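Peer 1: File model29.json follows (JSON, C-alpha atoms):
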```
[["chain", "number", "residue", "atom", "x", "y", "z"],
["A", 319, "MET", "CA", 0.00, 0.00, 0.00],
["A", 320, "ALA", "CA", 2.81, 2.42, 0.83],
["A", 321, "ASP", "CA", 4.98, 1.71, -2.20],
["A", 322, "ARG", "CA", 5.65, 5.01, -4.00],
["A", 323, "SER", "CA", 8.13, 5.03, -6.92],
["A", 324, "ASN", "CA", 11.58, 4.51, -5.36],
["A", 325, "ALA", "CA", 10.70, 5.61, -1.84],
["A", 326, "GLU", "CA", 12.15, 2.47, -0.30],
["A", 327, "ALA", "CA", 15.53, 3.08, -1.89],
["A", 328, "SER", "CA", 18.14, 4.87, 0.17],
["A", 329, "LEU", "CA", 17.75, 8.61, 0.37],
["A", 330, "GLY", "CA", 19.25, 10.35, -2.60],
["A", 331, "GLY", "CA", 20.09, 6.98, -4.16],
["A", 332, "ASP", "CA", 22.98, 6.50, -1.76],
["A", 333, "THR", "CA", 23.56, 4.89, 1.60],
["A", 334, "PRO", "CA", 22.53, 6.99, 4.61],
["A", 335, "GLN", "CA", 25.13, 9.40, 5.86],
["A", 336, "ALA", "CA", 26.39, 9.34, 9.45],
["A", 337, "VAL", "CA", 25.58, 12.92, 10.37],
["A", 338, "SER", "CA", 24.94, 14.59, 13.73],
["A", 339, "SER", "CA", 24.37, 12.17, 16.62],
["A", 340, "THR", "CA", 22.77, 14.77, 18.88],
["A", 341, "PRO", "CA", 19.53, 16.72, 18.47],
["A", 342, "PRO", "CA", 20.23, 19.79, 16.35],
["A", 343, "ASP", "CA", 20.16, 23.27, 17.84],
["A", 344, "GLY", "CA", 16.71, 24.74, 17.66],
["A", 345, "LEU", "CA", 14.80, 21.43, 17.75],
["A", 346, "VAL", "CA", 12.82, 22.06, 20.92],
["A", 347, "GLU", "CA", 12.05, 25.59, 19.76],
["A", 348, "ALA", "CA", 10.79, 24.23, 16.43],
["A", 349, "LEU", "CA", 8.52, 21.85, 18.32],
["A", 350, "VAL", "CA", 6.83, 24.60, 20.33],
["A", 351, "ARG", "CA", 6.93, 27.64, 18.03],
["A", 352, "ASP", "CA", 4.23, 27.89, 15.40],
["A", 353, "PRO", "CA", 5.10, 29.15, 11.91],
["A", 354, "ALA", "CA", 3.89, 32.51, 10.68],
["A", 355, "GLU", "CA", 0.56, 32.19, 8.98],
["A", 356, "ALA", "CA", 0.77, 32.07, 5.18],
["A", 357, "PRO", "CA", -2.57, 32.10, 3.28],
["A", 358, "ALA", "CA", -1.45, 29.62, 0.61],
["A", 359, "ALA", "CA", 0.51, 27.28, 2.87],
["A", 360, "ARG", "CA", -1.09, 24.56, 4.96],
["A", 361, "VAL", "CA", 2.19, 22.76, 5.70],
["A", 362, "ALA", "CA", 5.33, 24.44, 7.04],
["A", 363, "VAL", "CA", 8.76, 22.79, 7.25],
["A", 364, "VAL", "CA", 11.67, 23.67, 9.50],
["A", 365, "ASP", "CA", 14.80, 22.00, 8.10],
["A", 366, "LEU", "CA", 17.35, 21.41, 10.87],
["A", 367, "GLY", "CA", 19.65, 19.22, 8.76],
["A", 368, "SER", "CA", 19.29, 15.83, 10.43],
["A", 369, "VAL", "CA", 15.71, 16.52, 11.53],
["A", 370, "ALA", "CA", 12.78, 18.08, 9.70],
["A", 371, "VAL", "CA", 9.82, 19.43, 11.66],
["A", 372, "VAL", "CA", 6.62, 19.52, 9.62],
["A", 373, "THR", "CA", 3.77, 21.61, 11.03],
["A", 374, "LEU", "CA", 0.15, 21.56, 9.95],
["A", 375, "HIS", "CA", -1.09, 25.08, 10.43],
["A", 376, "LYS", "CA", -4.60, 26.25, 10.01],
["A", 377, "GLN", "CA", -5.29, 27.12, 13.62],
["A", 378, "ASP", "CA", -8.58, 28.92, 13.01],
["A", 379, "ARG", "CA", -9.98, 25.54, 11.88],
["A", 380, "LEU", "CA", -8.01, 23.35, 14.31],
["A", 381, "ASN", "CA", -5.54, 22.42, 11.55],
["A", 382, "ALA", "CA", -8.31, 20.81, 9.51],
["A", 383, "LEU", "CA", -6.97, 19.08, 6.41],
["A", 384, "ASP", "CA", -8.26, 20.36, 3.09],
["A", 385, "TYR", "CA", -7.39, 19.20, -0.42],
["A", 386, "GLN", "CA", -4.50, 21.62, -0.62],
["A", 387, "ALA", "CA", -3.04, 20.39, 2.68],
["A", 388, "TRP", "CA", -3.10, 16.77, 1.54],
["A", 389, "CYS", "CA", -1.34, 17.72, -1.72],
["A", 390, "GLN", "CA", 1.29, 19.73, 0.15],
["A", 391, "LEU", "CA", 1.90, 16.85, 2.56],
["A", 392, "ALA", "CA", 2.46, 14.41, -0.31],
["A", 393, "ALA", "CA", 4.88, 16.78, -2.04],
["A", 394, "THR", "CA", 6.72, 17.51, 1.21],
["A", 395, "PHE", "CA", 7.30, 13.89, 2.17],
["A", 396, "ASP", "CA", 8.16, 12.86, -1.37],
["A", 397, "GLY", "CA", 10.73, 15.66, -1.40],
["A", 398, "PHE", "CA", 12.40, 14.34, 1.74],
["A", 399, "GLY", "CA", 13.62, 11.40, -0.33],
["A", 400, "ASN", "CA", 16.25, 13.69, -1.88],
["A", 401, "HIS", "CA", 17.57, 15.00, 1.45],
["A", 402, "ARG", "CA", 20.72, 12.94, 2.11],
["A", 403, "ASP", "CA", 21.45, 14.33, 5.59],
["A", 404, "LEU", "CA", 17.94, 13.82, 6.91],
["A", 405, "ARG", "CA", 17.59, 11.18, 9.64],
["A", 406, "LEU", "CA", 14.01, 11.62, 10.88],
["A", 407, "VAL", "CA", 10.86, 13.70, 10.52],
["A", 408, "ILE", "CA", 8.57, 15.05, 13.25],
["A", 409, "LEU", "CA", 4.98, 15.87, 12.29],
["A", 410, "ARG", "CA", 2.96, 18.21, 14.52],
["A", 411, "GLY", "CA", -0.02, 20.54, 14.50],
["A", 412, "ALA", "CA", 0.14, 24.25, 15.25],
["A", 413, "GLY", "CA", -1.29, 25.51, 18.51],
["A", 414, "GLU", "CA", -2.26, 23.63, 21.66],
["A", 415, "ARG", "CA", -5.71, 22.38, 20.70],
["A", 416, "ALA", "CA", -5.25, 20.05, 17.73],
["A", 417, "PHE", "CA", -2.89, 17.92, 15.69],
["A", 418, "ALA", "CA", -5.52, 17.88, 12.94],
["A", 419, "ALA", "CA", -9.24, 17.90, 13.61],
["A", 420, "GLY", "CA", -10.19, 15.98, 10.49],
["A", 421, "ALA", "CA", -11.25, 17.19, 7.07],
["A", 422, "ASP", "CA", -12.14, 20.78, 6.32],
["A", 423, "ILE", "CA", -15.89, 20.30, 5.98],
["A", 424, "GLY", "CA", -16.28, 23.78, 4.54],
["A", 425, "GLU", "CA", -14.86, 22.58, 1.21],
["A", 426, "PHE", "CA", -17.08, 19.47, 0.99],
["A", 427, "PRO", "CA", -19.57, 21.07, -1.42],
["A", 428, "ARG", "CA", -16.69, 21.53, -3.89],
["A", 429, "GLN", "CA", -14.55, 18.49, -3.14],
["A", 430, "ARG", "CA", -16.63, 15.55, -1.90],
["A", 431, "GLN", "CA", -20.26, 15.74, -2.96],
["A", 432, "THR", "CA", -20.00, 14.00, -6.30],
["A", 433, "ALA", "CA", -18.20, 10.77, -7.08],
["A", 434, "GLU", "CA", -15.97, 12.44, -9.66],
["A", 435, "VAL", "CA", -14.52, 15.09, -7.36],
["A", 436, "ALA", "CA", -14.50, 12.72, -4.38],
["A", 437, "VAL", "CA", -12.20, 10.36, -6.26],
["A", 438, "ARG", "CA", -9.79, 13.23, -6.88],
["A", 439, "TYR", "CA", -9.88, 14.18, -3.20],
["A", 440, "ASN", "CA", -9.40, 10.57, -2.06],
["A", 441, "GLU", "CA", -6.40, 10.21, -4.36],
["A", 442, "ALA", "CA", -4.79, 13.23, -2.66],
["A", 443, "VAL", "CA", -5.39, 11.70, 0.79],
["A", 444, "ALA", "CA", -3.98, 8.36, -0.35],
["A", 445, "ALA", "CA", -0.91, 10.02, -1.87],
["A", 446, "ALA", "CA", -0.13, 11.89, 1.36],
["A", 447, "LEU", "CA", -0.57, 8.88, 3.65],
["A", 448, "SER", "CA", 1.44, 6.70, 1.28],
["A", 449, "ALA", "CA", 4.27, 9.24, 1.17],
["A", 450, "VAL", "CA", 4.49, 9.29, 4.97],
["A", 451, "MET", "CA", 4.46, 5.50, 5.24],
["A", 452, "ALA", "CA", 6.91, 4.96, 2.37],
["A", 453, "LEU", "CA", 9.56, 7.44, 3.56],
["A", 454, "PRO", "CA", 12.47, 5.15, 4.60],
["A", 455, "LEU", "CA", 13.10, 7.17, 7.77],
["A", 456, "PRO", "CA", 11.38, 7.31, 11.17],
["A", 457, "VAL", "CA", 8.40, 9.68, 11.30],
["A", 458, "ILE", "CA", 7.26, 10.76, 14.77],
["A", 459, "ALA", "CA", 3.77, 12.18, 15.28],
["A", 460, "MET", "CA", 3.69, 14.81, 18.05],
["A", 461, "LEU", "CA", 0.05, 14.89, 19.10],
["A", 462, "ASN", "CA", -0.89, 18.03, 20.98],
["A", 463, "GLY", "CA", -4.67, 17.85, 20.86],
["A", 464, "LEU", "CA", -7.40, 16.50, 18.60],
["A", 465, "ALA", "CA", -6.46, 13.85, 16.03],
["A", 466, "VAL", "CA", -9.80, 13.12, 14.42],
["A", 467, "GLY", "CA", -10.84, 11.73, 11.03],
["A", 468, "GLY", "CA", -8.04, 12.44, 8.57],
["A", 469, "GLY", "CA", -5.91, 13.65, 11.47],
["A", 470, "CYS", "CA", -6.20, 10.25, 13.14],
["A", 471, "GLU", "CA", -5.38, 8.52, 9.86],
["A", 472, "LEU", "CA", -2.34, 10.76, 9.36],
["A", 473, "ALA", "CA", -1.10, 10.05, 12.87],
["A", 474, "ALA", "CA", -1.50, 6.31, 12.23],
["A", 475, "ALA", "CA", 0.58, 6.61, 9.05],
["A", 476, "CYS", "CA", 3.52, 7.79, 11.16],
["A", 477, "ASP", "CA", 5.86, 5.30, 12.81],
["A", 478, "VAL", "CA", 5.59, 6.50, 16.41],
["A", 479, "ARG", "CA", 2.89, 8.53, 18.12],
["A", 480, "ILE", "CA", 3.63, 10.55, 21.27],
["A", 481, "SER", "CA", 0.59, 12.27, 22.72],
["A", 482, "ALA", "CA", -0.26, 14.97, 25.21],
["A", 483, "ARG", "CA", -2.67, 13.75, 27.86],
["A", 484, "HIS", "CA", -5.52, 16.00, 26.71],
["A", 485, "ALA", "CA", -5.54, 14.72, 23.10],
["A", 486, "GLN", "CA", -8.49, 12.82, 21.66],
["A", 487, "PHE", "CA", -8.69, 10.34, 18.78],
["A", 488, "GLY", "CA", -11.42, 9.00, 16.55],
["A", 489, "ILE", "CA", -12.79, 8.58, 13.02],
["A", 490, "PRO", "CA", -16.50, 9.54, 13.22],
["A", 491, "VAL", "CA", -17.10, 9.41, 9.46],
["A", 492, "GLY", "CA", -20.63, 8.06, 9.90],
["A", 493, "GLN", "CA", -21.78, 11.49, 11.07],
["A", 494, "LEU", "CA", -20.92, 12.95, 7.65],
["A", 495, "GLY", "CA", -21.69, 10.01, 5.40],
["A", 496, "VAL", "CA", -18.22, 9.71, 3.85],
["A", 497, "MET", "CA", -16.13, 6.54, 3.69],
["A", 498, "LEU", "CA", -12.51, 5.53, 4.19],
["A", 499, "GLY", "CA", -10.56, 4.50, 1.13],
["A", 500, "PRO", "CA", -8.23, 1.48, 1.10],
["A", 501, "VAL", "CA", -5.06, 3.44, 1.92],
["A", 502, "GLU", "CA", -6.70, 5.23, 4.85],
["A", 503, "THR", "CA", -8.07, 1.92, 6.10],
["A", 504, "TYR", "CA", -4.68, 0.25, 5.76],
["A", 505, "ALA", "CA", -2.87, 3.06, 7.58],
["A", 506, "VAL", "CA", -5.03, 2.70, 10.69],
["A", 507, "ALA", "CA", -5.69, -1.06, 10.60],
["A", 508, "ARG", "CA", -1.97, -1.87, 10.45],
["A", 509, "VAL", "CA", -1.63, -0.09, 13.82],
["A", 510, "ILE", "CA", -4.74, -1.19, 15.76],
["A", 511, "GLY", "CA", -6.10, -4.07, 13.68],
["A", 512, "PRO", "CA", -9.31, -4.36, 11.63],
["A", 513, "ALA", "CA", -11.60, -5.14, 14.58],
["A", 514, "ARG", "CA", -10.68, -2.04, 16.58],
["A", 515, "LEU", "CA", -10.87, 0.12, 13.46],
["A", 516, "LYS", "CA", -14.40, -1.15, 12.85],
["A", 517, "TRP", "CA", -15.28, -0.20, 16.42],
["A", 518, "LEU", "CA", -14.02, 3.35, 15.87],
["A", 519, "LEU", "CA", -15.98, 3.60, 12.62],
["A", 520, "PHE", "CA", -19.20, 2.00, 13.90],
["A", 521, "SER", "CA", -19.27, 3.80, 17.25],
["A", 522, "GLY", "CA", -17.97, 7.19, 16.18],
["A", 523, "GLU", "CA", -16.38, 7.30, 19.63],
["A", 524, "LEU", "CA", -13.64, 9.75, 20.52],
["A", 525, "LEU", "CA", -10.94, 8.09, 22.62],
["A", 526, "SER", "CA", -8.88, 9.75, 25.30],
["A", 527, "ALA", "CA", -5.12, 9.57, 24.98],
["A", 528, "GLU", "CA", -5.01, 6.84, 27.63],
["A", 529, "GLN", "CA", -7.64, 4.80, 25.79],
["A", 530, "ALA", "CA", -5.77, 5.26, 22.53],
["A", 531, "GLU", "CA", -2.59, 4.06, 24.22],
["A", 532, "ARG", "CA", -4.34, 0.92, 25.47],
["A", 533, "ILE", "CA", -5.34, -0.12, 21.94],
["A", 534, "GLY", "CA", -1.92, 0.73, 20.46],
["A", 535, "LEU", "CA", -2.98, 3.84, 18.58],
["A", 536, "VAL", "CA", -0.64, 5.90, 20.78],
["A", 537, "ASP", "CA", 2.79, 4.77, 21.97],
["A", 538, "ARG", "CA", 3.42, 7.22, 24.81],
["A", 539, "VAL", "CA", 1.23, 9.66, 26.77],
["A", 540, "VAL", "CA", 2.78, 12.56, 28.68],
["A", 541, "ASP", "CA", 1.68, 15.82, 30.21],
["A", 542, "GLN", "CA", 1.44, 18.68, 27.75],
["A", 543, "ALA", "CA", 4.38, 20.48, 29.37],
["A", 544, "GLU", "CA", 6.58, 17.43, 28.76],
["A", 545, "LEU", "CA", 5.56, 16.70, 25.18],
["A", 546, "ALA", "CA", 8.29, 18.63, 23.32],
["A", 547, "ALA", "CA", 11.03, 17.24, 25.58],
["A", 548, "GLU", "CA", 9.72, 13.68, 25.16],
["A", 549, "VAL", "CA", 9.70, 13.98, 21.37],
["A", 550, "ALA", "CA", 13.15, 15.61, 21.34],
["A", 551, "GLY", "CA", 14.46, 12.84, 23.59],
["A", 552, "LEU", "CA", 13.33, 10.12, 21.19],
["A", 553, "ALA", "CA", 14.80, 12.10, 18.31],
["A", 554, "GLY", "CA", 18.13, 12.19, 20.15],
["A", 555, "THR", "CA", 18.06, 8.43, 20.67],
["A", 556, "ILE", "CA", 17.40, 7.85, 16.98],
["A", 557, "LEU", "CA", 20.21, 10.22, 16.00],
["A", 558, "ARG", "CA", 22.65, 8.39, 18.28],
["A", 559, "SER", "CA", 21.71, 5.08, 16.65],
["A", 560, "SER", "CA", 23.08, 3.72, 13.40],
["A", 561, "PRO", "CA", 21.27, 5.31, 10.43],
["A", 562, "HIS", "CA", 21.47, 1.97, 8.61],
["A", 563, "THR", "CA", 19.78, 0.23, 11.55],
["A", 564, "MET", "CA", 17.05, 2.86, 11.84],
["A", 565, "GLN", "CA", 16.21, 2.65, 8.13],
["A", 566, "ALA", "CA", 16.16, -1.14, 8.28],
["A", 567, "ALA", "CA", 14.01, -1.05, 11.43],
["A", 568, "LYS", "CA", 11.29, 0.82, 9.57],
["A", 569, "GLN", "CA", 11.47, -0.85, 6.18],
["A", 570, "VAL", "CA", 11.77, -4.47, 7.30],
["A", 571, "THR", "CA", 9.16, -4.11, 10.04],
["A", 572, "ASP", "CA", 6.73, -2.65, 7.52],
["A", 573, "MET", "CA", 7.05, -5.82, 5.46],
["A", 574, "VAL", "CA", 5.58, -7.95, 8.25],
["A", 575, "ASP", "CA", 1.91, -7.16, 7.55],
["A", 576, "ARG", "CA", 2.02, -7.95, 3.84],
["A", 577, "GLY", "CA", 3.22, -10.73, 1.57],
["A", 578, "LEU", "CA", 6.86, -10.30, 0.62],
["A", 579, "THR", "CA", 7.54, -9.23, -2.94],
["A", 580, "LEU", "CA", 10.65, -9.56, -5.09],
["A", 581, "ARG", "CA", 11.24, -5.86, -4.49],
["A", 582, "ASP", "CA", 11.11, -6.43, -0.72],
["A", 583, "ILE", "CA", 13.81, -9.07, -1.08],
["A", 584, "ASP", "CA", 15.92, -6.61, -3.07],
["A", 585, "VAL", "CA", 15.43, -3.96, -0.38],
["A", 586, "VAL", "CA", 16.47, -6.38, 2.39],
["A", 587, "THR", "CA", 19.52, -7.41, 0.40],
["A", 588, "ARG", "CA", 20.54, -3.79, -0.08],
["A", 589, "LEU", "CA", 19.95, -2.96, 3.58],
["A", 590, "THR", "CA", 22.03, -5.96, 4.62],
["A", 591, "VAL", "CA", 24.92, -4.92, 2.40],
["A", 592, "ASP", "CA", 24.72, -1.32, 3.62],
["A", 593, "THR", "CA", 24.60, -2.39, 7.26],
["A", 594, "TYR", "CA", 27.46, -4.87, 7.23],
["A", 595, "THR", "CA", 29.75, -3.14, 4.73],
["A", 596, "GLY", "CA", 31.79, -0.07, 5.46],
["A", 597, "SER", "CA", 33.31, 1.51, 8.52],
["A", 598, "GLU", "CA", 30.30, 2.38, 10.67],
["A", 599, "LEU", "CA", 29.63, -1.09, 12.09],
["A", 600, "LYS", "CA", 33.34, -1.60, 12.79],
["A", 601, "ARG", "CA", 33.57, 1.78, 14.50],
["A", 602, "ARG", "CA", 30.54, 1.15, 16.70],
["A", 603, "VAL", "CA", 31.63, -2.38, 17.68],
["A", 604, "SER", "CA", 35.16, -1.18, 18.42],
["A", 605, "ALA", "CA", 33.84, 1.62, 20.61],
["A", 606, "PHE", "CA", 31.57, -0.79, 22.49],
["A", 607, "LEU", "CA", 34.37, -3.30, 23.08],
["A", 608, "GLY", "CA", 36.67, -0.49, 24.18],
["A", 609, "ARG", "CA", 34.17, 0.69, 26.76],
["A", 610, "SER", "CA", 33.60, -2.87, 27.99],
["A", 611, "ALA", "CA", 37.34, -3.47, 28.36],
["A", 612, "GLN", "CA", 37.75, -0.21, 30.28],
["A", 613, "GLU", "CA", 34.85, -1.04, 32.59],
["A", 614, "THR", "CA", 36.31, -4.51, 33.23],
["A", 615, "LYS", "CA", 39.71, -3.01, 33.99],
["A", 616, "GLU", "CA", 38.22, -0.45, 36.37],
["A", 617, "GLY", "CA", 36.08, -3.09, 38.06]]
```
Would you write the structure of this file as structure tokens?
Peer 2:
Amino acid sequence: MADRSNAEASLGGDTPQAVSSTPPDGLVEALVRDPAEAPAARVAVVDLGSVAVVTLHKQDRLNALDYQAWCQLAATFDGFGNHRDLRLVILRGAGERAFAAGADIGEFPRQRQTAEVAVRYNEAVAAALSAVMALPLPVIAMLNGLAVGGGCELAAACDVRISARHAQFGIPVGQLGVMLGPVETYAVARVIGPARLKWLLFSGELLSAEQAERIGLVDRVVDQAELAAEVAGLAGTILRSSPHTMQAAKQVTDMVDRGLTLRDIDVVTRLTVDTYTGSELKRRVSAFLGRSAQETKEG
């Protein structure tokens, strides 16, 4: 479902580069400062070299996702494939009330009330979710408020979800009479399973962050004041880890819920060669053995 052109190839067509192993300067600030409002932009990117912070910003509508936002998300995440220094992406919503409170219902008369235009809209949603899932780098969702409808689906497309305690989650599409497409369904079902997704769809229930954590929709729940530090801490751990290992962790794990293809086998072969060839593995093993020998000597 998440296969998009050569998204599973190494970034920039090369092996990942061993760049900064610590969170870049300005990361925490980028996680708490909202971008200046721009009428034509629904998605803002702060490029910190090894980390990109992507912010959904349409605060007057709780970061609701319109057709333009979905298109911008797809283009943004597709573009990350050419960023050789990038190690991870953090996706957040502007403000303190919402990650993304679903679709922008105000544009429904233009975008979703005939089959012809609805297909175009659904293709934009599918392209954005697929681009997030197919990016061969960790994507962390920072959830500071409502993640409803398309916002919940977008959060599920990310690899890890860290939530503020006041956030809520759900997909109450029955209230509007719209339906999930196959990519939207796949994005959520791969995280919580088909049965729990059906419950969300049938009940229209909004879950608390703690309830979402219990069903696996959220990985960590923290107080709002701790959210930026928690996300930055995970980013630091990823940056200190081998970039080869982190890419393999995402790509190989994502193969588990589908039948393996010949392309998957090629990807695993390439990842294996990248991981076990070159100086990085030797350097990391040597450093570990050196520390162990020193600790034994001191003990």
Peer 1: I want to know what sits within 12 Å of range 426-435 of chain A, based on all atoms listed in the file, with residues of the same chain fewer than 3 positions away left out; could you give that as an mmCIF file with C-alpha atoms, keeping the file's coordinate frame?
Peer 2:
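As written to disk, selection-v2.cif reads:
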```
data_model
loop_
_atom_site.group_PDB
_atom_site.id
_atom_site.type_symbol
_atom_site.label_atom_id
_atom_site.label_comp_id
_atom_site.auth_asym_id
_atom_site.auth_seq_id
_atom_site.Cartn_x
_atom_site.Cartn_y
_atom_site.Cartn_z
ATOM 1 C CA LEU A 383 -6.970 19.080 6.410
ATOM 2 C CA ASP A 384 -8.260 20.360 3.090
ATOM 3 C CA TYR A 385 -7.390 19.200 -0.420
ATOM 4 C CA GLN A 386 -4.500 21.620 -0.620
ATOM 5 C CA ALA A 421 -11.250 17.190 7.070
ATOM 6 C CA ASP A 422 -12.140 20.780 6.320
ATOM 7 C CA ILE A 423 -15.890 20.300 5.980
ATOM 8 C CA ARG A 438 -9.790 13.230 -6.880
ATOM 9 C CA TYR A 439 -9.880 14.180 -3.200
ATOM 10 C CA ASN A 440 -9.400 10.570 -2.060
ATOM 11 C CA GLU A 441 -6.400 10.210 -4.360
ATOM 12 C CA ALA A 442 -4.790 13.230 -2.660
ATOM 13 C CA LEU A 494 -20.920 12.950 7.650
ATOM 14 C CA GLY A 495 -21.690 10.010 5.400
ATOM 15 C CA VAL A 496 -18.220 9.710 3.850
ATOM 16 C CA MET A 497 -16.130 6.540 3.690
#
```
Peer 1: Which value, in Å to one decimal, gives the distance between CA of Thr503 in chain A and CA of Val491 in chain A?
Peer 2: 12.2 Å
Peer 1: CA of Leu535 in chain A to CA of Ile510 in chain A: how many Å, to one decimal?
Peer 2: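 CA of Ile510 in chain A lies at a distance of 6.0 Å from CA of Leu535 in chain A.
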Peer 1: Quick one: residues within 8 Å of range 344-351 of chain A, all atoms listed in the file, excluding same-chain residues fewer than 3 positions away - as JSON, numbers by chain?
Peer 2: {"A": [341, 364, 366, 369, 371, 410, 546, 547, 550]}
Peer 1: Restrict the selected residues to C-alpha atoms and save them as a tab-separated table (two decimals), in the coordinates of the input.
Peer 2:
```
chain	number	residue	atom	x	y	z
A	341	PRO	CA	19.53	16.72	18.47
A	364	VAL	CA	11.67	23.67	9.50
A	366	LEU	CA	17.35	21.41	10.87
A	369	VAL	CA	15.71	16.52	11.53
A	371	VAL	CA	9.82	19.43	11.66
A	410	ARG	CA	2.96	18.21	14.52
A	546	ALA	CA	8.29	18.63	23.32
A	547	ALA	CA	11.03	17.24	25.58
A	550	ALA	CA	13.15	15.61	21.34
```
Peer 1: For each of A:Ala445, A:Ala527, A:Val549, A:Ala513, take the minimum atom-to-atom distance to Trp388 in chain A, counting all atoms listed in the file, then give the residue where this is smallest.
Peer 2: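 Ranking A:Ala445, A:Ala527, A:Val549, A:Ala513 by distance to Trp388 in chain A, first place goes to A:Ala445.
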Peer 1: With only C-alpha atoms as the basis for distance, which of A:Ser448, A:Thr587, A:Arg360, A:Leu498 is at the shortest distance from Ala436 in chain A?
Peer 2: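 Looking at the shortest contact to Ala436 in chain A, the residue is A:Leu498.
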Peer 1: Around (-9.3, 14.8, 17.6), as given in the file, which residues come within 8 Å? Count only C-alpha atoms and list them as a list in words.
Peer 2: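 Within the cut-off we find Ala416, Phe417, Ala418, Ala419, Gly420, Gly463, Leu464, Ala465, Val466, Gly467, Gly469, Cys470, Ala485, Gln486, Phe487, Gly488 and Leu524 of chain A.
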Peer 1: Which is closer to Met460 in chain A than all the others in A:Gln542, A:Gln493, A:Ser521, A:Thr394, using only C-alpha atoms?
Peer 2: A:Gln542
Peer 1: Quick one, how far is CA of Ile458 in chain A from CA of Pro490 in chain A?
Peer 2: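 Pair CA of Ile458 in chain A / CA of Pro490 in chain A returns 23.8 Å.
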Peer 1: Between A:Val437, A:Leu391, A:Val586, A:Leu557, which residue has the minimum interatomic distance to Met573 in chain A, considering only C-alpha atoms?
Peer 2: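 The closest residue to Met573 in chain A is A:Val586.
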Peer 1: Which is closer to Gln377 in chain A than all the others in A:His484, A:Arg532, A:Lys516, A:Arg415, using only C-alpha atoms?
Peer 2: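 Ranked by minimum distance to Gln377 in chain A, first place goes to A:Arg415.
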